[in-house]
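The block underneath contains the structure these notes are about, expressed in structure tokens.
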Amino acid sequence: MKLDRTIIKSLSLFDKMTDDELDALLVPAQTKRLPIGESVFEQGQPAAYFFLLLHGRLKVTQVTSAGQQIIVRVVHPGDLFGFAKALQRQDYPGTALAAAESIVLSWPTEMWPKFVERNPRLAVSAMETIGQRLEEAHVRIREMSTQEVEKRVAHTVLRLAQKAGRPEAKGIRIDFPISRQDIAEMTGTTIHTVSRIFSSWESKGLIEGGRQKLLVRDMAELASLADSLPERR
């Protein structure tokens, strides 16, 4: 598919690049449109490419040694991902799936050293992404270890609303399909537990659910609830 340069320029990562710099970056790139549910890469697959999400949302899942599937992160527009070489890996540690119709750019992995050498801003962005992932991992480990499940679910919904929220008249709409099973996989609990929590929150007017839809009606009250719930003893 032909790529509109203005789409790229709208991302903060590229907004200060000249047209010539941007064209040099895009010449070796491949563009792919992904329908919902299609994978960009699979866990354990050789890391032949690294990627940039232009449009849509991706969820990255991992299957643990015990066979449990968990969602380890959500990829947002403008995020670099799949750069296993920067992590000294030869394979992808997870599976990246389109959670909404998405457009990704890809470059061959062997281009990574030249990619960051010629584009210092992108190198900084990659380092920031790695740092954010480590911080997210630490936060999730701490939440899993110390927080009751309702508190973990509340913090997860708040993070999604802050990262992928679209204001509407009645609240903040998470702008990609998100199921209760997805929330369960993000928080290390069961779909039954998430359904019970969501039913309680809906009765209090905090959220409004639906089939793979989630509207946060009262961010402040949900944040207050997340902070007031007790830690695990």
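Residues in the structure tokens are numbered from 1 in each chain, the chains being A, B, ... in the order shown, and ligands are numbered from 1 in the order shown.
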- All residues 7 Å or closer to range 200-216 of chain A, only C-alpha atoms, same chain fewer than 4 positions away omitted, as a PyMOL selection string: chain A and resi 171-174+177-179+196+222
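Omitting Glu42 in chain A and its sequence neighbours fewer than 5 positions away, and counting only C-alpha atoms, the residues within 10 Å are Ala47, Val60, Thr61, Gln62, Asp91, Tyr92, Pro93, Gly94, Thr95, Ala96 and Leu97 of chain A.
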Restricting the output to C-alpha atoms, write the selected residues as an mmCIF file, in the first residue's frame.
```cif
data_model
loop_
_atom_site.group_PDB
_atom_site.id
_atom_site.type_symbol
_atom_site.label_atom_id
_atom_site.label_comp_id
_atom_site.auth_asym_id
_atom_site.auth_seq_id
_atom_site.Cartn_x
_atom_site.Cartn_y
_atom_site.Cartn_z
ATOM 1 C CA ALA A 47 13.188 -11.832 14.806
ATOM 2 C CA VAL A 60 1.331 -8.469 22.839
ATOM 3 C CA THR A 61 0.712 -11.826 24.488
ATOM 4 C CA GLN A 62 2.987 -14.441 26.002
ATOM 5 C CA ASP A 91 13.562 -14.394 18.540
ATOM 6 C CA TYR A 92 10.371 -12.555 19.513
ATOM 7 C CA PRO A 93 9.500 -13.019 23.211
ATOM 8 C CA GLY A 94 5.754 -12.664 22.561
ATOM 9 C CA THR A 95 3.024 -12.634 19.917
ATOM 10 C CA ALA A 96 1.766 -9.291 18.575
ATOM 11 C CA LEU A 97 -1.899 -9.354 17.500
#
```
- Task: For range 5-8 of chain A, please output as an NGL selection string all residues within 8 Å (counting only C-alpha atoms; exclusion window: fewer than 5 positions along the same chain).
- Result: :A and (14-15 or 54)
Store the residues picked out above, limited to N, CA and C atoms, as a compact mmCIF listing (two decimals), in the first residue's frame.
```txt
# COMPACT_ATOMS: atom_id res chain seq x y z
N PHE A 14 8.54 11.73 14.40
CA PHE A 14 9.02 12.14 13.08
C PHE A 14 8.72 13.59 12.74
N ASP A 15 8.05 14.31 13.64
CA ASP A 15 7.55 15.63 13.25
C ASP A 15 8.64 16.67 13.01
N LEU A 54 1.72 2.52 13.04
CA LEU A 54 1.23 3.80 12.52
C LEU A 54 -0.19 4.09 12.95
```
- Item | Residue among A:Ser39, A:Gln45, A:Thr109, A:Thr189 lying closest to Ala86 in chain A, counting only C-alpha atoms |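 Selected residue with least distance to Ala86 in chain A: A:Thr109.
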Excluding same-chain residues fewer than 3 positions from range 113-116 of chain A, what lies within 9 Å of it counting only C-alpha atoms, as a PDB file with N, CA, C and O atoms, in the first residue's frame?
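Result file follows (out29.pdb):
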```pdb
ATOM      1  N   LEU A  25      14.279   7.292   5.364  1.00  0.00           N
ATOM      2  CA  LEU A  25      13.860   6.314   6.368  1.00  0.00           C
ATOM      3  C   LEU A  25      12.803   5.361   5.817  1.00  0.00           C
ATOM      4  O   LEU A  25      12.803   4.163   6.132  1.00  0.00           O
ATOM      5  N   LYS A  85      16.708  -7.242  18.505  1.00  0.00           N
ATOM      6  CA  LYS A  85      18.164  -7.077  18.450  1.00  0.00           C
ATOM      7  C   LYS A  85      18.656  -6.137  19.535  1.00  0.00           C
ATOM      8  O   LYS A  85      19.733  -6.338  20.116  1.00  0.00           O
ATOM      9  N   ALA A  86      17.872  -5.098  19.836  1.00  0.00           N
ATOM     10  CA  ALA A  86      18.262  -4.159  20.884  1.00  0.00           C
ATOM     11  C   ALA A  86      18.245  -4.825  22.258  1.00  0.00           C
ATOM     12  O   ALA A  86      18.881  -4.342  23.198  1.00  0.00           O
ATOM     13  N   THR A 109      15.730  -6.655  10.436  1.00  0.00           N
ATOM     14  CA  THR A 109      16.457  -6.532  11.704  1.00  0.00           C
ATOM     15  C   THR A 109      17.896  -6.093  11.504  1.00  0.00           C
ATOM     16  O   THR A 109      18.437  -5.319  12.310  1.00  0.00           O
ATOM     17  N   GLU A 110      18.527  -6.549  10.410  1.00  0.00           N
ATOM     18  CA  GLU A 110      19.929  -6.189  10.213  1.00  0.00           C
ATOM     19  C   GLU A 110      20.125  -4.693   9.992  1.00  0.00           C
ATOM     20  O   GLU A 110      21.249  -4.180  10.054  1.00  0.00           O
ATOM     21  N   ASN A 119      19.374   7.995  13.003  1.00  0.00           N
ATOM     22  CA  ASN A 119      18.172   8.637  13.543  1.00  0.00           C
ATOM     23  C   ASN A 119      18.255   8.676  15.066  1.00  0.00           C
ATOM     24  O   ASN A 119      17.618   7.862  15.752  1.00  0.00           O
ATOM     25  N   PRO A 120      19.044   9.603  15.609  1.00  0.00           N
ATOM     26  CA  PRO A 120      19.241   9.657  17.069  1.00  0.00           C
ATOM     27  C   PRO A 120      17.938   9.723  17.856  1.00  0.00           C
ATOM     28  O   PRO A 120      17.818   9.138  18.924  1.00  0.00           O
ATOM     29  N   ARG A 121      16.940  10.425  17.321  1.00  0.00           N
ATOM     30  CA  ARG A 121      15.660  10.531  18.038  1.00  0.00           C
ATOM     31  C   ARG A 121      15.000   9.171  18.179  1.00  0.00           C
ATOM     32  O   ARG A 121      14.366   8.872  19.183  1.00  0.00           O
ATOM     33  N   LEU A 122      15.141   8.353  17.128  1.00  0.00           N
ATOM     34  CA  LEU A 122      14.541   7.028  17.176  1.00  0.00           C
ATOM     35  C   LEU A 122      15.299   6.137  18.155  1.00  0.00           C
ATOM     36  O   LEU A 122      14.703   5.292  18.831  1.00  0.00           O
ATOM     37  N   ALA A 123      16.613   6.333  18.223  1.00  0.00           N
ATOM     38  CA  ALA A 123      17.404   5.568  19.191  1.00  0.00           C
ATOM     39  C   ALA A 123      16.965   5.921  20.614  1.00  0.00           C
ATOM     40  O   ALA A 123      16.797   5.029  21.464  1.00  0.00           O
ATOM     41  N   VAL A 124      16.768   7.208  20.866  1.00  0.00           N
ATOM     42  CA  VAL A 124      16.307   7.641  22.186  1.00  0.00           C
ATOM     43  C   VAL A 124      14.929   7.066  22.470  1.00  0.00           C
ATOM     44  O   VAL A 124      14.637   6.595  23.579  1.00  0.00           O
ATOM     45  N   ALA A 126      13.659   4.324  21.290  1.00  0.00           N
ATOM     46  CA  ALA A 126      13.800   2.895  21.576  1.00  0.00           C
ATOM     47  C   ALA A 126      14.245   2.669  23.017  1.00  0.00           C
ATOM     48  O   ALA A 126      13.724   1.796  23.718  1.00  0.00           O
TER      49      ALA A 126
END
```
- Task: Give the answer as one residue: which of A:Lys163, A:Ser228, A:Lys32, A:His55 has the shortest atom-to-atom distance to Trp107 in chain A, using only C-alpha atoms?
- Result: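 Once distances to Trp107 in chain A are computed over only C-alpha atoms, the minimum belongs to A:Lys32.
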- Task: Please identify all polymer residues within 12 Å of Ser125 in chain A, counting only C-alpha atoms, omitting same-chain residues fewer than 6 positions from it, and present them as a VMD selection string.
- Result: chain A and resid 12 to 14 52 78 to 81 83 116 119 131 to 132
- Task: Would you mind telling me which residue in A:Leu58, A:Ile183, A:Leu53, A:Val104 lies nearest to Arg33 in chain A when using only C-alpha atoms?
- Result: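 Nearest candidate to Arg33 in chain A out of A:Leu58, A:Ile183, A:Leu53, A:Val104: A:Val104.
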- Message: Give me, as a VMD selection string, the residues of range 126-217 of chain A that a backbone DSSP run labels helix (DSSP H, G or I).
- Response: chain A and resid 126 to 146 149 to 164 180 to 187 191 to 203
- Which residue out of A:Leu3, A:Ala84, A:Ala66, A:Ala226 has the minimum interatomic distance to Pro108 in chain A when only C-alpha atoms are used?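 So, comparing all the options, the nearest one is A:Ala84.
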